[in-house]
Amino acid sequence: MRLLRFSRNDSGTLTYPLLAPFQRIRGIFRRHFYLWVHPEYYLDSLWQPVVDVLIWGFVSYYLEKTGTQFSGLMSFFLGAVVLWAVLRRGQHEITFSLMEEAWSRNLQNILTTPVTMLEYFLASLLFGLIKLFVELAIMGSLVALLFHFNILTLGLSFLPFALSLLLTGWALGLFVNAAIIYFGRGLVALSWIIVFVLQPFSCVFYPLSALPAWAQPLAKSFPATWVFEGMRAVLKGEGFQVDFLTWSLSLNGIYLVTGFFFFSRVMRLALDKGLISRLEF
Amino acid sequence: MKSINQSEGQSEPLVVARGLTKLFGQQKAVDTIDFDIWPGEVVGFLGPNGAGKTTTIRMLLNLLNPSSGSLILFGMTFERSRKHILQKMNVSSGSVTLPGKLTVTQILKVFGDLYSLSNLQGRINDLLEKFDLTSLRDRPLYSLSSGQQVRVSMTKAFLNHPRLLLLDEPTASLDPDVADRVRSNLMDAVKSEKITVFLTSHNMKEVETVCSRVFFLNHGQIQAEGTPHELARRVKRLKLILRTSHPVKSLPTLGKFGNPTISFHHHDIEAEIDKEQVGPFLTELVKDGARLESVSIHEPSLEDFFVQTARLERQRKT
């Protein structure tokens, strides 16, 4: 089959046409990996989950000790911390991979190779998944060791919850990238703060009913809200609520499609207005 | 000014630009330029800062969409065949860096994968040797000198055996001696790999040394085109350096010699004078009693052409 044979293109370079996209993805994966093995990078991606586990673990431990009527508080908080890390990692991976290229003034080098944005993000997501597994392993070990909480308490429902939050993170990352490319480096702080801005309205640590009336419609429009409501239902023994997951995934679908469209449009504008080179200075 | 050049014996240009224009708001960074680049050429885009050189190169790299006009590379357009075009090209820029924390080998492996190369390690080893980087292969980029970093950038640019190599002010940040060495490495590699080069620079010496054809760009327009020698010959004035046996006390009336620019001190006279006035001026000097010990005529260079063009532009504006 022609596509599996060596193909000498006009440049005299031997390539496997069918494998070329995968090799390009490997190139971006390599780029991330070579950077991540430096301590300042892997420690940077681990400190926040560890701090979150410690803070919320000790808060819930204190509350349980001081006689709160709700005995499952620790599992609520720690389960939420672990799942929130999934969303945060998803968003960070999409955003910081592109920003890292801009900060190291390597973005134009990348964009002048045959790699497509889709391949670029696929590689970033793949690498992000590996980092996520590492993070979850560390968080899971910490919560088990310090607070005797098993993150697998959620059972198999952990997987669809985590997947939905990952999709939310990716959609968020696309919007953030588009905003930074369009408005410039002045918005780079958005990469870090967006998850904190959305967290209060995502009902991570409290139920939807705890929010004031005006905030509830807003919270309902976030996919993460339905995941955490579903998580609490499972932990309370109410079983897996398919409706919650369906709402979450449907909203994710809308945000992802919108995010892709928005990002593609901004990239087109970036090529028209020369915004890419502006990002590097 | 339209400029299209056809090399004899070449069937198809690698790059065809027609009416290429780039607007940023109301400002025309590139204004309706036409040019072709033929296989085997080393083409220079020369001009002052803000002339439109980097804007042009960014359009050639699909980092910028033209506002109007057409750009065809290897018979294809970016809209339809972006990956295929970029597979045949590469770039090295003085203003764009490579990831500093990665080692030389890691950088080349990343980009080798991005160009889907198969015998990657072999290609990397060959290029490291060609650019004298073998001993530096495991050093992180940030630990290298600027000249070494530029050589790494050029090594990256040769990875995929590009048919067209774009160089955007490649030696802009380097000391003259280092720049010379880098240029020498580069041109050896260009010759051995038979690559077509498109180079932007405001370093006249560099362009004169390496380019077979030069476009002079100013205010987004191509104002002149030719070989470096042809452009230099367009300079009307040349520099004359004279030494007399006796101190010079006065000079003949200069008006009839086209008002040359002259300075003199003791035995030395320096003049910038129209080429056709050299003979009459020397004759008049001798008639006036000057005894010339030496006469040195400096042929105009590309830099003189650049200065003359810029001067005329300023005069036109005022």
# chains A, B, ... in the order shown; residues from 1 in each chain; ligands from 1
>>> residues_around(residues="Thr32 of chain B", least_positions_apart="5", cutoff="9 Å", atoms="only C-alpha atoms", output="list of chain:residue names")
B:Met1, B:Lys2, B:Arg18, B:Gly19, B:Leu20, B:Thr21, B:Lys22, B:Ser68, B:Gly69, B:Gly220, B:Gln221, B:Ile222
>>> write_last_selection(atoms="N, CA and C atoms", output="PDB file, in the first residue's frame")
ATOM      1  N   MET B   1       6.951  49.114  -8.237  1.00  0.00           N
ATOM      2  CA  MET B   1       7.781  48.748  -9.401  1.00  0.00           C
ATOM      3  C   MET B   1       7.744  47.249  -9.563  1.00  0.00           C
ATOM      4  N   LYS B   2       7.379  46.815 -10.749  1.00  0.00           N
ATOM      5  CA  LYS B   2       7.306  45.379 -10.969  1.00  0.00           C
ATOM      6  C   LYS B   2       8.703  44.840 -11.216  1.00  0.00           C
ATOM      7  N   ARG B  18       2.403  37.968  -6.872  1.00  0.00           N
ATOM      8  CA  ARG B  18       1.851  38.976  -7.770  1.00  0.00           C
ATOM      9  C   ARG B  18       0.932  39.909  -6.989  1.00  0.00           C
ATOM     10  N   GLY B  19       1.222  41.172  -7.073  1.00  0.00           N
ATOM     11  CA  GLY B  19       0.381  42.178  -6.413  1.00  0.00           C
ATOM     12  C   GLY B  19       0.298  41.973  -4.914  1.00  0.00           C
ATOM     13  N   LEU B  20       1.343  41.435  -4.343  1.00  0.00           N
ATOM     14  CA  LEU B  20       1.299  41.087  -2.905  1.00  0.00           C
ATOM     15  C   LEU B  20       1.233  42.345  -2.055  1.00  0.00           C
ATOM     16  N   THR B  21       0.194  42.400  -1.219  1.00  0.00           N
ATOM     17  CA  THR B  21      -0.028  43.599  -0.410  1.00  0.00           C
ATOM     18  C   THR B  21      -0.391  43.177   1.001  1.00  0.00           C
ATOM     19  N   LYS B  22       0.090  43.931   1.957  1.00  0.00           N
ATOM     20  CA  LYS B  22      -0.311  43.694   3.347  1.00  0.00           C
ATOM     21  C   LYS B  22      -0.617  45.032   4.009  1.00  0.00           C
ATOM     22  N   SER B  68      -4.104  41.380  -0.073  1.00  0.00           N
ATOM     23  CA  SER B  68      -4.529  41.143  -1.450  1.00  0.00           C
ATOM     24  C   SER B  68      -3.337  40.633  -2.244  1.00  0.00           C
ATOM     25  N   GLY B  69      -3.606  40.200  -3.455  1.00  0.00           N
ATOM     26  CA  GLY B  69      -2.535  39.648  -4.282  1.00  0.00           C
ATOM     27  C   GLY B  69      -2.495  38.141  -4.150  1.00  0.00           C
ATOM     28  N   GLY B 220       7.516  49.455   1.736  1.00  0.00           N
ATOM     29  CA  GLY B 220       6.663  48.381   1.251  1.00  0.00           C
ATOM     30  C   GLY B 220       6.723  48.131  -0.241  1.00  0.00           C
ATOM     31  N   GLN B 221       7.537  48.900  -0.953  1.00  0.00           N
ATOM     32  CA  GLN B 221       7.589  48.721  -2.407  1.00  0.00           C
ATOM     33  C   GLN B 221       8.985  48.297  -2.845  1.00  0.00           C
ATOM     34  N   ILE B 222       9.026  47.525  -3.927  1.00  0.00           N
ATOM     35  CA  ILE B 222      10.319  47.162  -4.501  1.00  0.00           C
ATOM     36  C   ILE B 222      10.779  48.348  -5.344  1.00  0.00           C
TER      37      ILE B 222
END
>>> interface_residues(of="chain B", to="chain A", cutoff="6 Å", atoms="only C-alpha atoms", output="list of chain:residue names")
B:Leu63, B:Leu64, B:Asn65, B:Lys83, B:Leu86, B:Gln87, B:Lys88, B:Val96, B:Thr97, B:Leu98, B:Pro99, B:Val110, B:Asp113, B:Leu114, B:Ser116, B:Leu117, B:Ser118, B:His161, B:Pro162, B:Arg163
>>> select_by_dssp(residues="segment 60-269 of chain B", states="helix (DSSP H, G or I)", output="PyMOL selection string")
chain B and resi 60+78-87+104-114+120-130+134-136+141-143+146-158+176-193+204-210+228-233+255-257
>>> atom_distance(atom1="atom CA of Leu132 of chain A", atom2="atom CA of Trp192 of chain A")
17.0 Å
>>> select_by_dssp(residues="segment 105-272 of chain B", states="strand (DSSP E)", output="ChimeraX atom specification")
/B:164-168,196-201,213-218,221-226,237-244,261-265,268-272
>>> write_last_selection(atoms="C-alpha atoms", output="compact mmCIF listing (two decimals), in the first residue's frame")
# COMPACT_ATOMS: atom_id res chain seq x y z
CA LEU B 164 13.46 26.82 -0.06
CA LEU B 165 15.21 28.26 2.97
CA LEU B 166 14.03 31.55 4.42
CA LEU B 167 16.50 33.52 6.49
CA ASP B 168 15.23 36.56 8.34
CA THR B 196 17.26 28.07 -2.85
CA VAL B 197 17.56 30.84 -0.31
CA PHE B 198 15.45 33.90 0.43
CA LEU B 199 17.26 36.20 2.76
CA THR B 200 16.21 39.45 4.41
CA SER B 201 18.84 41.70 5.83
CA ARG B 213 19.95 38.76 -6.87
CA VAL B 214 18.75 41.54 -4.65
CA PHE B 215 15.48 43.38 -4.27
CA PHE B 216 15.63 46.75 -2.61
CA LEU B 217 12.52 47.35 -0.60
CA ASN B 218 11.45 50.65 0.88
CA GLN B 221 7.59 48.72 -2.41
CA ILE B 222 10.32 47.16 -4.50
CA GLN B 223 12.34 50.16 -5.64
CA ALA B 224 15.15 48.35 -7.37
CA GLU B 225 16.13 44.88 -8.41
CA GLY B 226 19.28 43.34 -9.82
CA ARG B 237 28.97 59.13 -7.34
CA LEU B 238 32.13 57.46 -6.29
CA LYS B 239 34.69 58.28 -3.64
CA LEU B 240 38.00 59.73 -4.58
CA ILE B 241 40.90 59.87 -2.12
CA LEU B 242 43.86 61.97 -3.20
CA ARG B 243 47.18 62.69 -1.58
CA THR B 244 49.21 65.70 -2.70
CA THR B 261 31.19 66.79 -1.64
CA ILE B 262 34.79 67.56 -0.80
CA SER B 263 36.86 67.78 2.32
CA PHE B 264 40.57 68.46 2.53
CA HIS B 265 43.16 68.59 5.22
CA ASP B 268 44.65 64.82 1.74
CA ILE B 269 41.55 65.41 -0.32
CA GLU B 270 38.40 63.31 -0.09
CA ALA B 271 35.70 63.78 -2.67
CA GLU B 272 32.37 62.22 -3.56
>>> atom_distance(atom1="atom CA of Trp247 of chain A", atom2="atom CA of Ser164 of chain A")
10.1 Å
>>> residues_around(residues="Gly100 of chain B", least_positions_apart="2", cutoff="6 Å", atoms="only C-alpha atoms", output="list in words")
Leu102, Leu141 and Tyr142 of chain B
>>> residues_around(residues="Tyr61 of chain A", least_positions_apart="6", cutoff="9 Å", atoms="only C-alpha atoms", output="PyMOL selection string")
chain A and resi 73-74+147
>>> residues_around(residues="segment 134-138 of chain A", least_positions_apart="6", cutoff="8 Å", atoms="only C-alpha atoms", output="JSON, numbers by chain")
{"A": [46, 49, 50, 82]}
>>> closest_residue(among="B:Thr77, B:Thr227, B:Asn125, B:Ser153", to="Gly44 of chain B", atoms="only C-alpha atoms")
B:Thr227
>>> closest_residue(among="A:Thr246, A:Ser45, A:Ser264, A:Thr66", to="Gly90 of chain A", atoms="only C-alpha atoms")
A:Ser45
>>> residues_around(residues="segment 147-150 of chain B", least_positions_apart="4", cutoff="9 Å", atoms="only C-alpha atoms", output="ChimeraX atom specification")
/B:92-94,97-98,133,136,141-142,154-155,170-171,173-175,178-179,181-182
>>> write_last_selection(atoms="N, CA and C atoms", output="PDB file, in the first residue's frame")
ATOM      1  N   SER B  92      15.092  30.236   9.373  1.00  0.00           N
ATOM      2  CA  SER B  92      15.916  30.595  10.517  1.00  0.00           C
ATOM      3  C   SER B  92      15.824  32.108  10.672  1.00  0.00           C
ATOM      4  N   SER B  93      15.512  32.556  11.871  1.00  0.00           N
ATOM      5  CA  SER B  93      15.310  33.992  12.077  1.00  0.00           C
ATOM      6  C   SER B  93      16.136  34.480  13.245  1.00  0.00           C
ATOM      7  N   GLY B  94      16.678  35.675  13.103  1.00  0.00           N
ATOM      8  CA  GLY B  94      17.458  36.262  14.190  1.00  0.00           C
ATOM      9  C   GLY B  94      16.589  36.668  15.374  1.00  0.00           C
ATOM     10  N   THR B  97      13.612  32.532  18.716  1.00  0.00           N
ATOM     11  CA  THR B  97      14.572  31.622  19.333  1.00  0.00           C
ATOM     12  C   THR B  97      14.005  30.208  19.408  1.00  0.00           C
ATOM     13  N   LEU B  98      14.852  29.289  19.756  1.00  0.00           N
ATOM     14  CA  LEU B  98      14.444  27.905  19.999  1.00  0.00           C
ATOM     15  C   LEU B  98      14.332  27.702  21.504  1.00  0.00           C
ATOM     16  N   LEU B 133      28.779  21.313  15.518  1.00  0.00           N
ATOM     17  CA  LEU B 133      28.033  21.332  16.781  1.00  0.00           C
ATOM     18  C   LEU B 133      28.094  19.985  17.509  1.00  0.00           C
ATOM     19  N   LEU B 136      28.656  19.913  21.102  1.00  0.00           N
ATOM     20  CA  LEU B 136      27.685  20.670  21.896  1.00  0.00           C
ATOM     21  C   LEU B 136      26.314  20.008  21.932  1.00  0.00           C
ATOM     22  N   LEU B 141      20.389  24.738  25.115  1.00  0.00           N
ATOM     23  CA  LEU B 141      20.596  25.866  24.211  1.00  0.00           C
ATOM     24  C   LEU B 141      20.994  27.132  24.948  1.00  0.00           C
ATOM     25  N   TYR B 142      20.416  27.356  26.145  1.00  0.00           N
ATOM     26  CA  TYR B 142      20.687  28.617  26.851  1.00  0.00           C
ATOM     27  C   TYR B 142      22.155  28.727  27.254  1.00  0.00           C
ATOM     28  N   MET B 154      20.207  27.306  12.452  1.00  0.00           N
ATOM     29  CA  MET B 154      20.424  26.961  11.041  1.00  0.00           C
ATOM     30  C   MET B 154      20.431  25.452  10.842  1.00  0.00           C
ATOM     31  N   THR B 155      20.938  24.729  11.797  1.00  0.00           N
ATOM     32  CA  THR B 155      20.900  23.264  11.701  1.00  0.00           C
ATOM     33  C   THR B 155      19.454  22.795  11.641  1.00  0.00           C
ATOM     34  N   PRO B 170      19.479  36.633   9.692  1.00  0.00           N
ATOM     35  CA  PRO B 170      20.012  35.499  10.462  1.00  0.00           C
ATOM     36  C   PRO B 170      21.202  35.844  11.350  1.00  0.00           C
ATOM     37  N   THR B 171      21.994  36.841  10.948  1.00  0.00           N
ATOM     38  CA  THR B 171      23.187  37.132  11.751  1.00  0.00           C
ATOM     39  C   THR B 171      23.094  38.508  12.405  1.00  0.00           C
ATOM     40  N   SER B 173      22.230  39.636  15.256  1.00  0.00           N
ATOM     41  CA  SER B 173      22.658  39.884  16.635  1.00  0.00           C
ATOM     42  C   SER B 173      24.108  39.491  16.884  1.00  0.00           C
ATOM     43  N   LEU B 174      24.850  39.139  15.836  1.00  0.00           N
ATOM     44  CA  LEU B 174      26.183  38.574  16.056  1.00  0.00           C
ATOM     45  C   LEU B 174      27.298  39.583  15.796  1.00  0.00           C
ATOM     46  N   ASP B 175      28.417  39.362  16.465  1.00  0.00           N
ATOM     47  CA  ASP B 175      29.611  40.157  16.181  1.00  0.00           C
ATOM     48  C   ASP B 175      30.076  39.836  14.761  1.00  0.00           C
ATOM     49  N   VAL B 178      31.967  36.494  14.240  1.00  0.00           N
ATOM     50  CA  VAL B 178      31.096  35.336  14.446  1.00  0.00           C
ATOM     51  C   VAL B 178      30.111  35.224  13.287  1.00  0.00           C
ATOM     52  N   ALA B 179      29.589  36.378  12.863  1.00  0.00           N
ATOM     53  CA  ALA B 179      28.639  36.399  11.740  1.00  0.00           C
ATOM     54  C   ALA B 179      29.301  35.831  10.489  1.00  0.00           C
ATOM     55  N   ARG B 181      31.710  33.672  10.316  1.00  0.00           N
ATOM     56  CA  ARG B 181      31.878  32.224  10.438  1.00  0.00           C
ATOM     57  C   ARG B 181      30.550  31.498  10.200  1.00  0.00           C
ATOM     58  N   VAL B 182      29.496  32.050  10.787  1.00  0.00           N
ATOM     59  CA  VAL B 182      28.167  31.454  10.618  1.00  0.00           C
ATOM     60  C   VAL B 182      27.753  31.488   9.147  1.00  0.00           C
TER      61      VAL B 182
END
>>> atom_distance(atom1="atom CA of Val257 of chain A", atom2="atom CA of Ala171 of chain A")
8.2 Å
>>> closest_residue(among="A:Leu166, A:Ile151, A:Leu218, A:Ala224", to="Cys203 of chain A", atoms="only C-alpha atoms")
A:Ala224
